[in-house]
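Source file: model_6.cif; contents: mmCIF, C-alpha atoms and all ligand atoms.
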data_upload
loop_
_atom_site.group_PDB
_atom_site.id
_atom_site.type_symbol
_atom_site.label_atom_id
_atom_site.label_comp_id
_atom_site.auth_asym_id
_atom_site.auth_seq_id
_atom_site.Cartn_x
_atom_site.Cartn_y
_atom_site.Cartn_z
ATOM 1 C CA MET A 143 103.131 22.492 103.412
ATOM 2 C CA GLN A 144 103.291 19.536 101.048
ATOM 3 C CA GLY A 145 105.280 16.671 102.597
ATOM 4 C CA LYS A 146 106.257 18.550 105.788
ATOM 5 C CA VAL A 147 106.463 16.377 108.898
ATOM 6 C CA ILE A 148 104.577 18.145 111.672
ATOM 7 C CA ILE A 149 104.233 17.028 115.298
ATOM 8 C CA ILE A 150 101.178 18.423 117.111
ATOM 9 C CA THR A 151 100.794 18.187 120.897
ATOM 10 C CA GLY A 152 97.304 18.463 122.321
ATOM 11 C CA ALA A 153 95.984 17.024 119.061
ATOM 12 C CA SER A 154 93.064 15.103 120.562
ATOM 13 C CA SER A 155 90.601 18.025 120.587
ATOM 14 C CA GLY A 156 90.054 21.723 119.952
ATOM 15 C CA ILE A 157 92.782 23.773 118.300
ATOM 16 C CA GLY A 158 95.197 20.849 117.922
ATOM 17 C CA ALA A 159 92.649 18.587 116.221
ATOM 18 C CA ALA A 160 91.417 21.348 113.886
ATOM 19 C CA THR A 161 95.003 22.195 112.961
ATOM 20 C CA ALA A 162 95.852 18.546 112.297
ATOM 21 C CA ARG A 163 92.918 18.244 109.892
ATOM 22 C CA LEU A 164 93.814 21.422 107.997
ATOM 23 C CA LEU A 165 97.554 20.750 107.706
ATOM 24 C CA ALA A 166 96.955 17.157 106.594
ATOM 25 C CA ALA A 167 94.430 18.352 104.006
ATOM 26 C CA ARG A 168 97.157 20.630 102.626
ATOM 27 C CA GLY A 169 99.615 17.743 102.294
ATOM 28 C CA ALA A 170 101.489 17.636 105.611
ATOM 29 C CA LYS A 171 102.344 14.370 107.368
ATOM 30 C CA VAL A 172 100.965 14.922 110.849
ATOM 31 C CA VAL A 173 102.156 13.181 114.013
ATOM 32 C CA LEU A 174 99.493 13.483 116.697
ATOM 33 C CA GLY A 175 100.136 13.420 120.450
ATOM 34 C CA ALA A 176 97.909 13.727 123.555
ATOM 35 C CA ARG A 177 96.785 11.520 126.445
ATOM 36 C CA ARG A 178 93.415 10.275 125.092
ATOM 37 C CA GLU A 179 94.281 7.497 122.676
ATOM 38 C CA ASP A 180 90.696 6.895 121.466
ATOM 39 C CA LYS A 181 90.459 10.510 120.260
ATOM 40 C CA LEU A 182 93.845 10.356 118.525
ATOM 41 C CA GLN A 183 92.970 7.098 116.811
ATOM 42 C CA ALA A 184 89.616 8.427 115.548
ATOM 43 C CA LEU A 185 91.253 11.627 114.271
ATOM 44 C CA ALA A 186 94.066 9.764 112.503
ATOM 45 C CA GLU A 187 91.500 7.473 110.845
ATOM 46 C CA ASP A 188 89.435 10.480 109.708
ATOM 47 C CA ILE A 189 92.491 12.159 108.216
ATOM 48 C CA ARG A 190 93.528 8.995 106.381
ATOM 49 C CA ALA A 191 89.972 8.429 105.122
ATOM 50 C CA ALA A 192 90.112 11.938 103.645
ATOM 51 C CA GLY A 193 93.343 11.026 101.794
ATOM 52 C CA GLY A 194 95.783 12.546 104.282
ATOM 53 C CA GLU A 195 98.720 11.098 106.191
ATOM 54 C CA ALA A 196 98.633 10.807 109.993
ATOM 55 C CA ILE A 197 100.121 8.726 112.788
ATOM 56 C CA TYR A 198 99.658 9.119 116.522
ATOM 57 C CA GLN A 199 101.216 8.220 119.834
ATOM 58 C CA VAL A 200 99.994 8.657 123.398
ATOM 59 C CA LEU A 201 101.877 11.599 124.881
ATOM 60 C CA ASP A 202 101.862 13.212 128.301
ATOM 61 C CA VAL A 203 103.835 16.421 127.764
ATOM 62 C CA THR A 204 104.890 16.481 131.418
ATOM 63 C CA ARG A 205 107.081 13.422 130.777
ATOM 64 C CA GLN A 206 110.332 14.064 128.909
ATOM 65 C CA ALA A 207 110.485 10.436 127.743
ATOM 66 C CA ASP A 208 107.077 10.758 126.027
ATOM 67 C CA ASN A 209 108.213 13.884 124.179
ATOM 68 C CA ASP A 210 111.442 12.194 123.088
ATOM 69 C CA ALA A 211 109.451 9.160 121.923
ATOM 70 C CA ILE A 212 107.095 11.105 119.656
ATOM 71 C CA VAL A 213 110.011 12.889 117.985
ATOM 72 C CA GLN A 214 111.653 9.490 117.504
ATOM 73 C CA LEU A 215 108.418 8.089 116.021
ATOM 74 C CA ALA A 216 108.266 10.959 113.516
ATOM 75 C CA GLN A 217 111.878 10.414 112.495
ATOM 76 C CA GLU A 218 111.586 6.645 112.211
ATOM 77 C CA THR A 219 108.382 6.892 110.181
ATOM 78 C CA TYR A 220 109.103 9.889 107.969
ATOM 79 C CA GLY A 221 112.873 10.464 108.251
ATOM 80 C CA ARG A 222 112.726 14.041 109.572
ATOM 81 C CA VAL A 223 110.766 16.616 111.563
ATOM 82 C CA ASP A 224 109.970 19.997 110.044
ATOM 83 C CA VAL A 225 107.600 21.572 112.567
ATOM 84 C CA ILE A 226 106.509 20.997 116.156
ATOM 85 C CA PHE A 227 103.280 22.676 117.281
ATOM 86 C CA LEU A 228 103.446 22.890 121.089
ATOM 87 C CA ASN A 229 99.767 23.294 121.773
ATOM 88 C CA ALA A 230 98.843 21.042 124.726
ATOM 89 C CA GLY A 231 97.462 23.059 127.618
ATOM 90 C CA ILE A 232 94.907 23.350 130.399
ATOM 91 C CA MET A 233 93.135 26.376 131.889
ATOM 92 C CA PRO A 234 91.753 25.630 135.366
ATOM 93 C CA SER A 235 91.378 29.317 136.213
ATOM 94 C CA SER A 236 90.221 30.556 139.624
ATOM 95 C CA PRO A 237 90.812 33.436 142.043
ATOM 96 C CA LEU A 238 94.027 33.032 144.020
ATOM 97 C CA SER A 239 91.988 33.150 147.235
ATOM 98 C CA ALA A 240 90.393 29.811 146.263
ATOM 99 C CA LEU A 241 93.854 28.298 146.859
ATOM 100 C CA LYS A 242 93.504 25.663 144.172
ATOM 101 C CA THR A 243 97.156 24.805 144.459
ATOM 102 C CA ASP A 244 96.843 21.460 142.660
ATOM 103 C CA ASP A 245 95.517 23.364 139.638
ATOM 104 C CA TRP A 246 98.381 25.894 139.874
ATOM 105 C CA HIS A 247 100.963 23.142 139.788
ATOM 106 C CA ALA A 248 99.216 21.229 136.999
ATOM 107 C CA MET A 249 99.250 24.376 134.832
ATOM 108 C CA VAL A 250 102.957 24.890 135.461
ATOM 109 C CA ASP A 251 103.659 21.234 134.660
ATOM 110 C CA ILE A 252 101.643 21.128 131.421
ATOM 111 C CA ASN A 253 101.697 24.690 130.056
ATOM 112 C CA ILE A 254 105.313 25.502 130.958
ATOM 113 C CA LYS A 255 107.211 22.265 131.483
ATOM 114 C CA GLY A 256 105.334 20.646 128.591
ATOM 115 C CA VAL A 257 106.733 23.339 126.289
ATOM 116 C CA LEU A 258 110.241 22.900 127.715
ATOM 117 C CA ASN A 259 110.050 19.132 127.288
ATOM 118 C CA GLY A 260 108.844 19.420 123.692
ATOM 119 C CA VAL A 261 111.604 21.839 122.751
ATOM 120 C CA ALA A 262 114.235 19.720 124.496
ATOM 121 C CA ALA A 263 113.035 16.706 122.509
ATOM 122 C CA VAL A 264 113.151 18.359 119.092
ATOM 123 C CA LEU A 265 116.026 20.852 119.371
ATOM 124 C CA PRO A 266 118.852 18.375 118.629
ATOM 125 C CA THR A 267 117.076 17.392 115.381
ATOM 126 C CA PHE A 268 116.457 21.000 114.330
ATOM 127 C CA THR A 269 120.032 21.982 115.215
ATOM 128 C CA ARG A 270 121.449 19.095 113.165
ATOM 129 C CA GLN A 271 119.162 19.849 110.212
ATOM 130 C CA LYS A 272 119.847 23.593 110.517
ATOM 131 C CA SER A 273 116.138 24.014 109.913
ATOM 132 C CA GLY A 274 112.861 23.548 111.719
ATOM 133 C CA GLN A 275 109.955 25.489 113.111
ATOM 134 C CA VAL A 276 108.566 25.702 116.637
ATOM 135 C CA ILE A 277 105.013 27.011 116.963
ATOM 136 C CA ALA A 278 103.435 27.441 120.398
ATOM 137 C CA THR A 279 99.964 28.298 121.658
ATOM 138 C CA SER A 280 100.143 31.057 124.247
ATOM 139 C CA SER A 281 96.963 33.097 124.909
ATOM 140 C CA VAL A 282 95.730 36.669 125.108
ATOM 141 C CA ALA A 283 96.167 35.921 128.828
ATOM 142 C CA GLY A 284 99.893 35.870 127.995
ATOM 143 C CA LEU A 285 99.702 39.479 126.788
ATOM 144 C CA LYS A 286 97.636 41.156 129.497
ATOM 145 C CA ALA A 287 96.430 40.451 133.021
ATOM 146 C CA TYR A 288 92.991 38.971 133.720
ATOM 147 C CA PRO A 289 91.432 38.374 137.163
ATOM 148 C CA ASN A 290 91.202 34.598 137.870
ATOM 149 C CA SER A 291 94.102 34.013 135.477
ATOM 150 C CA ALA A 292 97.167 34.758 137.588
ATOM 151 C CA VAL A 293 98.667 31.309 137.165
ATOM 152 C CA TYR A 294 97.260 30.430 133.720
ATOM 153 C CA GLY A 295 98.289 33.845 132.401
ATOM 154 C CA GLY A 296 101.695 33.459 134.018
ATOM 155 C CA THR A 297 102.283 30.191 132.187
ATOM 156 C CA LYS A 298 101.338 31.850 128.914
ATOM 157 C CA TRP A 299 103.571 34.905 129.559
ATOM 158 C CA PHE A 300 106.360 32.417 130.040
ATOM 159 C CA VAL A 301 105.709 30.988 126.569
ATOM 160 C CA ARG A 302 106.088 34.449 125.026
ATOM 161 C CA GLU A 303 109.483 35.092 126.604
ATOM 162 C CA PHE A 304 110.742 31.599 125.883
ATOM 163 C CA MET A 305 109.733 31.616 122.226
ATOM 164 C CA GLU A 306 111.262 35.028 121.543
ATOM 165 C CA VAL A 307 114.600 34.002 123.052
ATOM 166 C CA LEU A 308 114.512 30.718 121.133
ATOM 167 C CA ARG A 309 114.090 32.738 117.937
ATOM 168 C CA MET A 310 116.916 35.142 118.841
ATOM 169 C CA GLU A 311 119.400 32.462 119.901
ATOM 170 C CA SER A 312 118.690 30.333 116.861
ATOM 171 C CA ALA A 313 119.318 33.308 114.575
ATOM 172 C CA MET A 314 122.557 34.077 116.473
ATOM 173 C CA GLU A 315 123.689 30.442 116.276
ATOM 174 C CA GLY A 316 122.829 30.116 112.571
ATOM 175 C CA THR A 317 120.448 27.195 113.007
ATOM 176 C CA HIS A 318 117.588 28.982 111.253
ATOM 177 C CA ILE A 319 114.813 27.687 113.493
ATOM 178 C CA ARG A 320 111.654 29.624 112.780
ATOM 179 C CA THR A 321 109.225 30.361 115.588
ATOM 180 C CA ALA A 322 105.615 31.482 115.779
ATOM 181 C CA THR A 323 103.583 32.155 118.916
ATOM 182 C CA ILE A 324 99.788 32.259 118.754
ATOM 183 C CA TYR A 325 97.730 34.309 121.231
ATOM 184 C CA PRO A 326 94.120 33.119 120.926
ATOM 185 C CA ALA A 327 91.172 34.808 122.639
ATOM 186 C CA ALA A 328 87.856 32.909 123.096
ATOM 187 C CA ILE A 329 87.861 29.794 120.904
ATOM 188 C CA HIS A 330 85.214 27.041 121.156
ATOM 189 C CA THR A 331 87.076 23.924 122.355
ATOM 190 C CA GLU A 332 87.062 21.604 125.369
ATOM 191 C CA LEU A 333 89.301 23.983 127.327
ATOM 192 C CA LEU A 334 86.601 25.226 129.703
ATOM 193 C CA HIS A 335 86.081 21.612 130.909
ATOM 194 C CA THR A 336 89.394 21.979 132.748
ATOM 195 C CA ILE A 337 88.040 24.715 135.071
ATOM 196 C CA SER A 338 87.270 23.291 138.512
ATOM 197 C CA ASP A 339 86.062 26.510 140.191
ATOM 198 C CA PRO A 340 82.264 26.722 139.557
ATOM 199 C CA ALA A 341 81.960 30.523 139.604
ATOM 200 C CA THR A 342 84.901 30.965 137.227
ATOM 201 C CA ALA A 343 83.519 28.239 134.944
ATOM 202 C CA ALA A 344 80.099 29.940 134.778
ATOM 203 C CA GLY A 345 81.637 33.311 133.925
ATOM 204 C CA MET A 346 83.833 31.826 131.207
ATOM 205 C CA GLN A 347 80.935 29.835 129.715
ATOM 206 C CA ALA A 348 78.948 33.044 129.374
ATOM 207 C CA LEU A 349 81.894 34.834 127.741
ATOM 208 C CA TYR A 350 82.520 31.999 125.294
ATOM 209 C CA GLN A 351 78.822 31.620 124.432
ATOM 210 C CA THR A 352 78.683 35.300 123.542
ATOM 211 C CA HIS A 353 81.981 35.617 121.693
ATOM 212 C CA GLY A 354 83.594 32.239 120.946
ATOM 213 C CA ILE A 355 84.768 31.380 117.436
ATOM 214 C CA ALA A 356 85.791 28.054 115.866
ATOM 215 C CA PRO A 357 89.237 26.460 116.357
ATOM 216 C CA GLU A 358 89.630 26.347 112.561
ATOM 217 C CA ARG A 359 90.403 30.089 112.807
ATOM 218 C CA ILE A 360 93.579 29.252 114.705
ATOM 219 C CA ALA A 361 94.420 26.365 112.386
ATOM 220 C CA SER A 362 94.508 28.680 109.388
ATOM 221 C CA VAL A 363 96.952 31.011 111.174
ATOM 222 C CA VAL A 364 99.232 28.081 112.046
ATOM 223 C CA ALA A 365 99.139 27.073 108.373
ATOM 224 C CA PHE A 366 99.993 30.652 107.343
ATOM 225 C CA ALA A 367 103.080 30.638 109.586
ATOM 226 C CA ILE A 368 104.263 27.301 108.182
ATOM 227 C CA GLU A 369 103.661 28.337 104.573
ATOM 228 C CA GLN A 370 105.966 31.368 104.683
ATOM 229 C CA PRO A 371 109.261 30.922 102.800
ATOM 230 C CA ASP A 372 112.009 29.161 104.796
ATOM 231 C CA ASP A 373 113.897 32.445 105.257
ATOM 232 C CA THR A 374 110.905 34.165 106.861
ATOM 233 C CA THR A 375 109.662 34.087 110.454
ATOM 234 C CA VAL A 376 106.296 35.541 111.380
ATOM 235 C CA SER A 377 106.641 35.511 115.131
ATOM 236 C CA GLU A 378 103.376 36.512 116.745
ATOM 237 C CA PHE A 379 99.647 36.372 116.031
ATOM 238 C CA THR A 380 96.805 37.545 118.259
ATOM 239 C CA VAL A 381 93.627 35.879 117.000
ATOM 240 C CA GLY A 382 90.165 36.152 118.470
ATOM 241 C CA PRO A 383 86.521 37.002 117.933
ATOM 242 C CA ALA A 384 85.914 40.359 116.277
ATOM 243 C CA SER A 385 83.232 40.948 118.930
ATOM 244 C CA GLN A 386 85.412 40.296 122.002
ATOM 245 C CA PRO A 387 86.455 43.587 123.636
ATOM 246 C CA TRP A 388 89.051 42.294 126.170
HETATM 247 N N1 LIG A 401 90.187 27.789 123.640
HETATM 248 C C1 LIG A 401 90.613 29.009 123.930
HETATM 249 O O1 LIG A 401 89.826 29.955 124.061
HETATM 250 C C2 LIG A 401 92.096 29.267 124.115
HETATM 251 C C3 LIG A 401 92.509 30.585 124.256
HETATM 252 C C4 LIG A 401 93.869 30.827 124.442
HETATM 253 C C5 LIG A 401 94.769 29.792 124.460
HETATM 254 N N2 LIG A 401 94.334 28.511 124.318
HETATM 255 C C6 LIG A 401 95.335 27.434 124.366
HETATM 256 O O2 LIG A 401 95.138 26.578 123.273
HETATM 257 C C7 LIG A 401 95.734 25.314 123.544
HETATM 258 C C8 LIG A 401 94.794 24.209 123.091
HETATM 259 O O3 LIG A 401 93.640 24.218 123.894
HETATM 260 P P1 LIG A 401 92.165 24.099 123.307
HETATM 261 O O4 LIG A 401 91.518 25.404 123.495
HETATM 262 O O5 LIG A 401 92.192 23.490 121.964
HETATM 263 O O6 LIG A 401 91.488 23.140 124.411
HETATM 264 P P2 LIG A 401 91.217 21.564 124.441
HETATM 265 O O7 LIG A 401 90.186 21.222 123.428
HETATM 266 O O8 LIG A 401 90.938 21.255 125.868
HETATM 267 O O9 LIG A 401 92.605 20.950 123.992
HETATM 268 C C9 LIG A 401 93.699 20.821 124.876
HETATM 269 C C10 LIG A 401 94.569 19.713 124.379
HETATM 270 O O10 LIG A 401 95.698 19.576 125.260
HETATM 271 C C11 LIG A 401 95.853 18.196 125.561
HETATM 272 N N3 LIG A 401 96.536 18.013 126.832
HETATM 273 C C12 LIG A 401 96.192 18.469 128.062
HETATM 274 N N4 LIG A 401 97.062 18.040 128.981
HETATM 275 C C13 LIG A 401 97.991 17.292 128.332
HETATM 276 C C14 LIG A 401 99.138 16.581 128.720
HETATM 277 N N5 LIG A 401 99.539 16.514 130.002
HETATM 278 N N6 LIG A 401 99.854 15.925 127.781
HETATM 279 C C15 LIG A 401 99.468 15.958 126.489
HETATM 280 N N7 LIG A 401 98.394 16.629 126.038
HETATM 281 C C16 LIG A 401 97.664 17.278 126.964
HETATM 282 C C17 LIG A 401 94.439 17.636 125.555
HETATM 283 O O11 LIG A 401 94.438 16.246 125.275
HETATM 284 P P3 LIG A 401 94.332 15.053 126.331
HETATM 285 O O12 LIG A 401 93.372 15.489 127.395
HETATM 286 O O13 LIG A 401 93.839 13.933 125.479
HETATM 287 O O14 LIG A 401 95.731 14.842 126.810
HETATM 288 C C18 LIG A 401 93.860 18.374 124.344
HETATM 289 O O15 LIG A 401 94.195 17.710 123.153
HETATM 290 C C19 LIG A 401 96.028 25.315 125.040
HETATM 291 O O16 LIG A 401 97.420 25.530 125.238
HETATM 292 C C20 LIG A 401 95.242 26.499 125.557
HETATM 293 O O17 LIG A 401 95.794 27.053 126.718
HETATM 294 C C21 LIG A 401 93.019 28.238 124.124
#
Can you turn what I pasted into structure tokens?
Amino acid sequence: MQGKVIIITGASSGIGAATARLLAARGAKVVLGARREDKLQALAEDIRAAGGEAIYQVLDVTRQADNDAIVQLAQETYGRVDVIFLNAGIMPSSPLSALKTDDWHAMVDINIKGVLNGVAAVLPTFTRQKSGQVIATSSVAGLKAYPNSAVYGGTKWFVREFMEVLRMESAMEGTHIRTATIYPAAIHTELLHTISDPATAAGMQALYQTHGIAPERIASVVAFAIEQPDDTTVSEFTVGPASQPW
């Protein structure tokens, strides 16, 4: 971990923020991206005050230029990029019959296109270096079907397919890019604030109040994936509350 340059998208809260704190505490140089600048600034200051190294840049993952710019910032500041953690996401779940089509499209733009844009931004660097690691946050909703999660789950199933093919093609092409995909269950973050359907929000709040665990649990798994030897990929982790049955 020591000295690795790690870009984190969706770093302003929840899993991304917890991961930034942990990786920086273990010696990584973290490059934080999200839309809320005040949150990024406060987090970067906290990390520096604790003796860590952090910079940040406002990033909307739906814009290719923003993704390119944060990779460029990392390279200009630290000279390389070792890991990108593609973690930005939203979960405005609802039944299909509610026809929340704006939410459907926003999930596709952020959860799918955001991942594509991040990989497109970093792949030339990783290919040139013949090293690098892409870590992405999917979801247990990317492994099995849940009512109210047709579109959210679909975006997360996409991440699974995409990451596995990235791993395969990189191995075939000899570029040695490691991948890891995380499938969290109920984790206490700001994610439920993105749900606009009141009945779905109430049901999810109840589930999370009963079962939710801290985002630091995911951070430690991300760290584990990064800390494996360079010749070793640990591709997939399902991580959730021991009490959560589905
Ligand atoms: N919490 C769970 O139970 C759970 C379970 C499975 C999977 N996940 C996944 O975990 C990831 C992180 O979510 P979280 O649970 O930590 O929730 P969170 O606290 O709401 O964090 C989501 C992060 O994504 C960022 N984001 C959203 N839209 C963005 C955009 N267009 N451009 C850049 N950043 C954007 C948010 O920052 P800004 O608003 O500042 O941009 C925030 O930093 C998501 O991909 C989510 O789907 C979470």
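Remark: for A:Ile324, the closest of the candidate residues A:Thr279, A:Thr267, A:Thr342, A:Gln386 is A:Thr279 (distances computed over all atoms listed in the file).
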Within 9 Å of stretch 303-311 of chain A, counting all atoms listed in the file, which residues show up once you throw out same-chain ones fewer than 4 positions away? Write them as a ChimeraX atom specification, please. /A:258,276-278,299,315-323,375,377
Distance criterion (all atoms listed in the file): nearest to A:Ile197 out of A:Ser385, A:Asp210, A:Ile150, A:Ser239: A:Ile150
Which residue, A:Val264, A:Val203, A:Ala287, A:Val293, has the smallest gap to A:Asp245 when you use all atoms listed in the file? A:Val293
Given a cut-off of 6 Å, what residues near ligand LIG 401 (chain A) show up using only C-alpha atoms and all ligand atoms, put as a PyMOL selection string? chain A and resi 151-158+176-178+201-204+229-233+252+279-281+326-333
So what does the PyMOL selection byres (((chain A and resi 146) around 6) and not hetatm) actually pick up in this one, as a count of residues only? 7
Just give me the gap between atom CA of A:Asn259 and atom CA of A:Asp188 in Å, one decimal is fine. 28.4 Å
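Between atom CA of A:Gly169 and atom CA of A:Ile149 the interatomic distance comes to 13.8 Å.
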